[in-house]
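Asker: Below is the structure I would like to discuss, written out as structure tokens.
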Amino acid sequence: MSVTGLSLPDAPQRAPEFGSTALIVCDNLVRIYQTGSIEVQALQGLDLLVEAGEMVAVVGASGSGKSTLLSLLAGIDAPTAGKAKVAGWDLMTLSRAQRVRYRRHTVGFVGQQAGHNLIPYLNARQMVDLPMTLARVPRRERAERVEELLTRLGVMHCADRRPAQMSGGEQARVGICAALANRPKVLLADEPTGSLDTATSAEVFATLRTVNQDLGVTVVIVTHDPDVSGQVARTVAIRDGRTSSEVLRRANGDSELVAEEFAVMDRAGRIQIPKDYRLALDLTRRVRLALETDHVAVQRDTTQES
Ligand SMILES: Nc1ncnc2c1ncn2[C@@H]1O[C@H](COP(=O)(O)OP(=O)(O)OP(=O)(O)O)[C@@H](O)[C@H]1O
């Protein structure tokens with residue numbers, strides 16, 4: 001008896017998982033702080049994807065949730081709900097030991113005050129060496145890495161100086177070297193230029209670009225400096241604990257850079273119409289949506305006026 005081949009229906013195509021190729025995935029991320037009976041929703045369902053090799057700035061008004069996002073990504077704090085994944089680590093479910101490994105090897109963190117990232121009685125060489133000593137890196141390898149980083153970021157002349165003997169810009173660069181010592185995939189910087197003047201800030205941004213382009217580290221910078229979009233290719237704005245818009249800078253033909261602003265649509269299709277647009281056209285509670293051939297029109301609901 002011959003057996004004819006069975007013809008089975010094709011398995012249904014599954015949509016690829018949200019951000020399946022990204023290095024950093026925040027999917028509907030929520031962080032609620034509870035102080036007594038008061039609840040603060042610092043992040044209210046934030047979506048963000050960062051691909052490996054990107055340099056992204058996160059901007060937003062004070063209290064919009066920028067630092068909260070960064071401390072979640074740094075593994076300093078844990079999300080209340082949603083998904084946060086960095087380089088394959090699920091930040092919702094990290095055990096204590098995994099959290100230590102994650103913070104030591106996967107992410108580097110530089111905090112707000114350049115001087116506060118350093119220990120007053122350690123010189124630059126000792127400061128960059130310290131994270132590697134804690135990770136039990138052999139002495140010779142540590143010495144080579146210290147030399148490589150201080151040289152690459154232009155602060156080798158500070159090797160034997162303590163923070164008090166360095167300028168603000170040098171302190172910031174040494175802090176970045178220390179954060180990179182254990183070869184993290186991601187560098188997270190919280191207001192890295194907050195206390196610096198304009199010229200020194202530009203210098204620190206140049207250093208961060210070197211880290212991104214030459215060392216291949218993915219960089220996420222949090223700042224409330226709106227001019228930062230001139231320094232990076234992608235700026236993501238957070239409003240009320242959610243990503244609301246993005247500015248992309250791209251080379252246009254003969255390498256002229258053009259900046260273009262986009263609204264961010266979440267996975268449920270929601271976008272936020274900027275306040276000045278709403279005021280200009282008096283868009284209130286109900287609007288008309290119309291699908292045109294290449295765009296969607298949003299118009300005032302004139303039935304409310306009669
Ligand atoms: N540990 C905490 N306990 C309670 N509320 C907090 C805590 N940390 C942050 N918040 C609140 O969460 C919200 C977001 O704070 P977050 O520091 O993330 O904002 P931010 O955008 O970084 O602000 P800034 O630019 O001023 O640093 C704010 O309302 C803040 O008061």
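How things are named: the first chain in the structure tokens is A, the next is B, and so on; residues count from 1 in each chain; ligands count from 1 in the order shown.
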List as JSON lines every residue of chain A that is in contact with ligand 1, defined as an atom at most 10 Å from one of its atoms (using only C-alpha atoms and all ligand atoms), together with the nearest atom pair and the distance in Å rounded to one decimal, sorted by chain and then rising number.

Answerer:
```
{"residue": "A:Arg31", "atom": "CA", "partner": "ligand 1", "partner_atom_place_in_ligand_line": "12 (O)", "distance": 8.4}
{"residue": "A:Ile32", "atom": "CA", "partner": "ligand 1", "partner_atom_place_in_ligand_line": "12 (O)", "distance": 7.8}
{"residue": "A:Tyr33", "atom": "CA", "partner": "ligand 1", "partner_atom_place_in_ligand_line": "4 (C)", "distance": 4.7}
{"residue": "A:Gln34", "atom": "CA", "partner": "ligand 1", "partner_atom_place_in_ligand_line": "4 (C)", "distance": 6.2}
{"residue": "A:Thr35", "atom": "CA", "partner": "ligand 1", "partner_atom_place_in_ligand_line": "4 (C)", "distance": 6.0}
{"residue": "A:Gly36", "atom": "CA", "partner": "ligand 1", "partner_atom_place_in_ligand_line": "4 (C)", "distance": 9.8}
{"residue": "A:Ile38", "atom": "CA", "partner": "ligand 1", "partner_atom_place_in_ligand_line": "4 (C)", "distance": 8.7}
{"residue": "A:Glu39", "atom": "CA", "partner": "ligand 1", "partner_atom_place_in_ligand_line": "4 (C)", "distance": 7.9}
{"residue": "A:Val40", "atom": "CA", "partner": "ligand 1", "partner_atom_place_in_ligand_line": "5 (N)", "distance": 5.8}
{"residue": "A:Gln41", "atom": "CA", "partner": "ligand 1", "partner_atom_place_in_ligand_line": "12 (O)", "distance": 6.4}
{"residue": "A:Ala42", "atom": "CA", "partner": "ligand 1", "partner_atom_place_in_ligand_line": "12 (O)", "distance": 4.0}
{"residue": "A:Leu43", "atom": "CA", "partner": "ligand 1", "partner_atom_place_in_ligand_line": "14 (C)", "distance": 7.2}
{"residue": "A:Val58", "atom": "CA", "partner": "ligand 1", "partner_atom_place_in_ligand_line": "21 (O)", "distance": 9.4}
{"residue": "A:Val59", "atom": "CA", "partner": "ligand 1", "partner_atom_place_in_ligand_line": "21 (O)", "distance": 7.9}
{"residue": "A:Gly60", "atom": "CA", "partner": "ligand 1", "partner_atom_place_in_ligand_line": "21 (O)", "distance": 6.0}
{"residue": "A:Ala61", "atom": "CA", "partner": "ligand 1", "partner_atom_place_in_ligand_line": "21 (O)", "distance": 5.9}
{"residue": "A:Ser62", "atom": "CA", "partner": "ligand 1", "partner_atom_place_in_ligand_line": "26 (O)", "distance": 3.6}
{"residue": "A:Gly63", "atom": "CA", "partner": "ligand 1", "partner_atom_place_in_ligand_line": "19 (O)", "distance": 3.4}
{"residue": "A:Ser64", "atom": "CA", "partner": "ligand 1", "partner_atom_place_in_ligand_line": "21 (O)", "distance": 3.8}
{"residue": "A:Gly65", "atom": "CA", "partner": "ligand 1", "partner_atom_place_in_ligand_line": "18 (O)", "distance": 3.2}
{"residue": "A:Lys66", "atom": "CA", "partner": "ligand 1", "partner_atom_place_in_ligand_line": "22 (O)", "distance": 3.9}
{"residue": "A:Ser67", "atom": "CA", "partner": "ligand 1", "partner_atom_place_in_ligand_line": "22 (O)", "distance": 3.6}
{"residue": "A:Thr68", "atom": "CA", "partner": "ligand 1", "partner_atom_place_in_ligand_line": "18 (O)", "distance": 3.7}
{"residue": "A:Leu69", "atom": "CA", "partner": "ligand 1", "partner_atom_place_in_ligand_line": "18 (O)", "distance": 6.5}
{"residue": "A:Leu70", "atom": "CA", "partner": "ligand 1", "partner_atom_place_in_ligand_line": "18 (O)", "distance": 8.1}
{"residue": "A:Ser71", "atom": "CA", "partner": "ligand 1", "partner_atom_place_in_ligand_line": "18 (O)", "distance": 8.5}
{"residue": "A:Leu72", "atom": "CA", "partner": "ligand 1", "partner_atom_place_in_ligand_line": "18 (O)", "distance": 9.9}
{"residue": "A:Asp77", "atom": "CA", "partner": "ligand 1", "partner_atom_place_in_ligand_line": "1 (N)", "distance": 9.3}
{"residue": "A:Gln112", "atom": "CA", "partner": "ligand 1", "partner_atom_place_in_ligand_line": "27 (O)", "distance": 9.1}
{"residue": "A:Asp190", "atom": "CA", "partner": "ligand 1", "partner_atom_place_in_ligand_line": "22 (O)", "distance": 8.4}
{"residue": "A:Glu191", "atom": "CA", "partner": "ligand 1", "partner_atom_place_in_ligand_line": "27 (O)", "distance": 8.3}
{"residue": "A:Val222", "atom": "CA", "partner": "ligand 1", "partner_atom_place_in_ligand_line": "22 (O)", "distance": 7.8}
{"residue": "A:Thr223", "atom": "CA", "partner": "ligand 1", "partner_atom_place_in_ligand_line": "25 (O)", "distance": 7.0}
{"residue": "A:His224", "atom": "CA", "partner": "ligand 1", "partner_atom_place_in_ligand_line": "25 (O)", "distance": 5.9}
{"residue": "A:Asp225", "atom": "CA", "partner": "ligand 1", "partner_atom_place_in_ligand_line": "25 (O)", "distance": 9.5}
{"residue": "A:Ile238", "atom": "CA", "partner": "ligand 1", "partner_atom_place_in_ligand_line": "21 (O)", "distance": 7.9}
{"residue": "A:Arg239", "atom": "CA", "partner": "ligand 1", "partner_atom_place_in_ligand_line": "21 (O)", "distance": 8.6}
{"residue": "A:Asp240", "atom": "CA", "partner": "ligand 1", "partner_atom_place_in_ligand_line": "14 (C)", "distance": 8.4}
{"residue": "A:Gly241", "atom": "CA", "partner": "ligand 1", "partner_atom_place_in_ligand_line": "14 (C)", "distance": 7.3}
```

Asker: For the strand (DSSP E or B) assignment from backbone DSSP, which residues of segment 57-246 of chain A qualify? Please present them as a ChimeraX atom specification.

Answerer: /A:57-59,81-86,89-90,107-110,186-190,218-223,234-239,242-246

Asker: Can I get the selection written as a compact mmCIF listing (two decimals), in the first residue's frame, with N, CA and C atoms?

Answerer:
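So the final result, stored in selection_31.txt, reads:
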```
# COMPACT_ATOMS: atom_id res chain seq x y z
N ALA A 57 19.56 60.56 22.54
CA ALA A 57 19.33 61.45 23.69
C ALA A 57 17.87 61.36 24.07
N VAL A 58 17.61 61.35 25.38
CA VAL A 58 16.24 61.36 25.89
C VAL A 58 16.04 62.71 26.57
N VAL A 59 15.08 63.49 26.07
CA VAL A 59 14.85 64.82 26.64
C VAL A 59 13.44 64.90 27.20
N ALA A 81 5.69 47.43 36.11
CA ALA A 81 5.02 46.57 35.14
C ALA A 81 5.58 46.86 33.75
N GLY A 82 5.22 46.01 32.80
CA GLY A 82 5.70 46.18 31.43
C GLY A 82 6.95 45.36 31.20
N LYS A 83 7.63 45.69 30.11
CA LYS A 83 8.82 44.91 29.78
C LYS A 83 10.02 45.84 29.59
N ALA A 84 11.16 45.45 30.15
CA ALA A 84 12.40 46.17 29.89
C ALA A 84 13.47 45.12 29.68
N LYS A 85 14.06 45.13 28.47
CA LYS A 85 15.10 44.16 28.17
C LYS A 85 16.32 44.89 27.63
N VAL A 86 17.49 44.53 28.11
CA VAL A 86 18.73 45.13 27.61
C VAL A 86 19.70 44.00 27.32
N TRP A 89 18.92 40.68 28.68
CA TRP A 89 18.57 40.56 30.10
C TRP A 89 17.17 41.11 30.31
N ASP A 90 16.32 40.35 30.98
CA ASP A 90 14.98 40.82 31.31
C ASP A 90 15.04 41.51 32.67
N VAL A 107 26.03 47.20 31.48
CA VAL A 107 25.82 48.65 31.36
C VAL A 107 26.86 49.43 32.16
N GLY A 108 27.22 50.58 31.61
CA GLY A 108 28.06 51.53 32.35
C GLY A 108 27.18 52.73 32.63
N PHE A 109 27.38 53.36 33.79
CA PHE A 109 26.49 54.46 34.19
C PHE A 109 27.31 55.67 34.61
N VAL A 110 26.98 56.83 34.07
CA VAL A 110 27.57 58.07 34.59
C VAL A 110 26.45 58.97 35.08
N VAL A 186 26.36 48.98 26.73
CA VAL A 186 25.56 50.21 26.76
C VAL A 186 26.15 51.19 27.78
N LEU A 187 26.26 52.46 27.38
CA LEU A 187 26.65 53.50 28.34
C LEU A 187 25.43 54.38 28.58
N LEU A 188 25.06 54.54 29.86
CA LEU A 188 23.91 55.37 30.22
C LEU A 188 24.44 56.61 30.92
N ALA A 189 24.05 57.78 30.43
CA ALA A 189 24.57 59.02 31.02
C ALA A 189 23.41 59.90 31.44
N ASP A 190 23.34 60.24 32.73
CA ASP A 190 22.26 61.07 33.26
C ASP A 190 22.77 62.50 33.38
N THR A 218 26.76 51.41 22.58
CA THR A 218 25.47 52.07 22.42
C THR A 218 25.32 53.07 23.56
N VAL A 219 24.93 54.32 23.23
CA VAL A 219 24.92 55.37 24.25
C VAL A 219 23.51 55.95 24.40
N VAL A 220 23.05 56.04 25.64
CA VAL A 220 21.76 56.69 25.92
C VAL A 220 22.03 57.83 26.90
N ILE A 221 21.69 59.05 26.49
CA ILE A 221 21.96 60.23 27.31
C ILE A 221 20.64 60.86 27.72
N VAL A 222 20.46 61.11 29.00
CA VAL A 222 19.28 61.81 29.48
C VAL A 222 19.66 63.25 29.76
N THR A 223 18.85 64.18 29.28
CA THR A 223 19.17 65.58 29.52
C THR A 223 17.91 66.42 29.40
N ARG A 234 19.65 61.00 17.04
CA ARG A 234 18.26 60.71 17.39
C ARG A 234 17.95 61.24 18.79
N THR A 235 16.91 62.04 18.88
CA THR A 235 16.48 62.57 20.18
C THR A 235 15.04 62.12 20.44
N VAL A 236 14.83 61.51 21.58
CA VAL A 236 13.50 61.02 21.93
C VAL A 236 12.96 61.91 23.05
N ALA A 237 11.74 62.44 22.87
CA ALA A 237 11.18 63.30 23.93
C ALA A 237 10.18 62.50 24.76
N ILE A 238 10.30 62.65 26.09
CA ILE A 238 9.34 62.01 27.00
C ILE A 238 8.41 63.09 27.52
N ARG A 239 7.12 62.81 27.50
CA ARG A 239 6.16 63.72 28.12
C ARG A 239 5.24 62.87 28.98
N ARG A 242 5.79 59.06 29.02
CA ARG A 242 5.66 58.31 27.75
C ARG A 242 6.50 58.98 26.68
N THR A 243 6.95 58.21 25.70
CA THR A 243 7.66 58.84 24.59
C THR A 243 6.64 59.52 23.69
N SER A 244 6.89 60.80 23.37
CA SER A 244 5.87 61.55 22.62
C SER A 244 6.34 61.94 21.23
N SER A 245 7.63 62.26 21.06
CA SER A 245 8.10 62.64 19.73
C SER A 245 9.58 62.30 19.60
N GLU A 246 10.05 62.28 18.35
CA GLU A 246 11.46 61.99 18.08
C GLU A 246 11.96 62.98 17.04
```

Asker: Do you know which residues are at most 7 Å from Arg250 of chain A counting only C-alpha atoms, after dropping those on the same chain fewer than 4 positions away, and could you put them as a list of chain:residue names?

Answerer: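 Answer for this query is A:Ala233, A:Leu257, A:Val258, A:Ala259.
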
Asker: Check the smallest atom-to-atom distance from each of A:Glu170, A:Val50, A:Thr207, A:Val247 to Glu260 of chain A using only C-alpha atoms, then report the winner.

Answerer: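 The answer is A:Val247, which sits nearest to Glu260 of chain A.
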
Asker: Give the alpha helix (DSSP H) residues of segment 60-210 of chain A, as assigned by DSSP on the backbone, as a PyMOL selection string.

Answerer: chain A and resi 66-73+96-101+124-134+139-152+168-180+198-210

Asker: Find the residues near Val204 of chain A: any atom within 9 Å, counting only C-alpha atoms, skip ones fewer than 6 places away on the same chain, and give them as a short mmCIF file (atom, residue, chain, number, x, y, z; two decimals) with N, CA and C atoms, in the first residue's frame.

Answerer:
```cif
data_model
loop_
_atom_site.label_atom_id
_atom_site.label_comp_id
_atom_site.auth_asym_id
_atom_site.auth_seq_id
_atom_site.Cartn_x
_atom_site.Cartn_y
_atom_site.Cartn_z
N GLY A 169 35.49 69.09 32.79
CA GLY A 169 35.46 68.26 31.57
C GLY A 169 36.32 67.02 31.74
N GLU A 170 37.50 67.19 32.38
CA GLU A 170 38.39 66.03 32.61
C GLU A 170 37.73 65.04 33.58
N ALA A 172 34.58 64.58 33.95
CA ALA A 172 33.51 63.89 33.21
C ALA A 172 34.10 62.78 32.35
N ARG A 173 35.22 63.07 31.67
CA ARG A 173 35.82 62.06 30.79
C ARG A 173 36.40 60.88 31.57
N PRO A 192 24.95 64.33 31.66
CA PRO A 192 26.41 64.32 31.80
C PRO A 192 27.04 65.71 31.68
N THR A 193 26.27 66.68 31.16
CA THR A 193 26.85 68.01 30.99
C THR A 193 26.13 69.04 31.86
#
```

Asker: Considering only C-alpha atoms, state which residue in the set A:Met55, A:Ala159, A:Leu46, A:Leu29 is at the smallest distance from Ser229 of chain A.

Answerer: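 With only C-alpha atoms as the atom set, the closest residue is A:Met55.
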
Asker: Which neighbours of segment 116-124 of chain A fall inside 12 Å, counting only C-alpha atoms, when residues of the same chain fewer than 3 positions from it are skipped, and could you give them as a PyMOL selection string?

Answerer: chain A and resi 108-113+127-131+146-147+149-151+155-166+168+170-179+181+189-190+192+195

Asker: Have a look at atom CA of Arg286 of chain A and atom CA of Phe262 of chain A and let me know their distance in Å, one decimal.

Answerer: 22.7 Å

Asker: Taking into account only C-alpha atoms, which residue in the set A:Gln231, A:Ser20, A:Gln98, A:Asn182 is nearest to Glu203 of chain A?

Answerer: A:Gln231

Asker: For atom CA of Arg142 of chain A and atom CA of Leu215 of chain A, quote the distance in Å rounded to one decimal.

Answerer: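 Spanning atom CA of Arg142 of chain A to atom CA of Leu215 of chain A is a straight-line distance of 17.1 Å.
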
Asker: So that I can check the surroundings of Leu289 of chain A, please list as JSON, numbers by chain every protein, DNA and RNA residue that reaches within 9 Å of it, counting only C-alpha atoms and ignoring chain neighbours fewer than 5 positions away.

Answerer: {"A": [296, 297, 298, 299]}

Asker: Gly19 of chain A: which residues within 10 Å, counting only C-alpha atoms, same-chain residues fewer than 4 positions away excluded, as a VMD selection string?

Answerer: chain A and resid 23 to 27 47 to 51 85

Asker: Would you put the residues from that selection into a file with N, CA and C atoms, as a PDB file, in the first residue's frame?

Answerer:
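Result saved to out_3.pdb:
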```pdb
ATOM      1  N   LEU A  23      18.602  46.337  20.882  1.00  0.00           N
ATOM      2  CA  LEU A  23      19.446  46.039  22.044  1.00  0.00           C
ATOM      3  C   LEU A  23      18.719  46.436  23.328  1.00  0.00           C
ATOM      4  N   ILE A  24      17.973  47.542  23.255  1.00  0.00           N
ATOM      5  CA  ILE A  24      17.188  47.997  24.410  1.00  0.00           C
ATOM      6  C   ILE A  24      15.715  47.999  24.006  1.00  0.00           C
ATOM      7  N   VAL A  25      14.900  47.324  24.779  1.00  0.00           N
ATOM      8  CA  VAL A  25      13.463  47.256  24.496  1.00  0.00           C
ATOM      9  C   VAL A  25      12.689  47.665  25.747  1.00  0.00           C
ATOM     10  N   CYS A  26      11.934  48.754  25.638  1.00  0.00           N
ATOM     11  CA  CYS A  26      10.990  49.103  26.707  1.00  0.00           C
ATOM     12  C   CYS A  26       9.615  48.997  26.093  1.00  0.00           C
ATOM     13  N   ASP A  27       8.789  48.148  26.651  1.00  0.00           N
ATOM     14  CA  ASP A  27       7.485  47.879  26.063  1.00  0.00           C
ATOM     15  C   ASP A  27       6.432  48.116  27.148  1.00  0.00           C
ATOM     16  N   ASP A  47       7.152  53.201  25.585  1.00  0.00           N
ATOM     17  CA  ASP A  47       7.729  52.309  24.568  1.00  0.00           C
ATOM     18  C   ASP A  47       9.005  52.951  24.028  1.00  0.00           C
ATOM     19  N   LEU A  48      10.063  52.195  23.970  1.00  0.00           N
ATOM     20  CA  LEU A  48      11.311  52.726  23.395  1.00  0.00           C
ATOM     21  C   LEU A  48      12.156  51.578  22.876  1.00  0.00           C
ATOM     22  N   LEU A  49      12.639  51.720  21.646  1.00  0.00           N
ATOM     23  CA  LEU A  49      13.566  50.722  21.098  1.00  0.00           C
ATOM     24  C   LEU A  49      14.865  51.430  20.758  1.00  0.00           C
ATOM     25  N   VAL A  50      15.978  50.855  21.144  1.00  0.00           N
ATOM     26  CA  VAL A  50      17.290  51.391  20.758  1.00  0.00           C
ATOM     27  C   VAL A  50      18.072  50.249  20.135  1.00  0.00           C
ATOM     28  N   GLU A  51      18.525  50.473  18.901  1.00  0.00           N
ATOM     29  CA  GLU A  51      19.298  49.425  18.212  1.00  0.00           C
ATOM     30  C   GLU A  51      20.752  49.473  18.668  1.00  0.00           C
ATOM     31  N   LYS A  85      14.058  45.130  28.473  1.00  0.00           N
ATOM     32  CA  LYS A  85      15.103  44.162  28.166  1.00  0.00           C
ATOM     33  C   LYS A  85      16.321  44.887  27.633  1.00  0.00           C
TER      34      LYS A  85
END
```
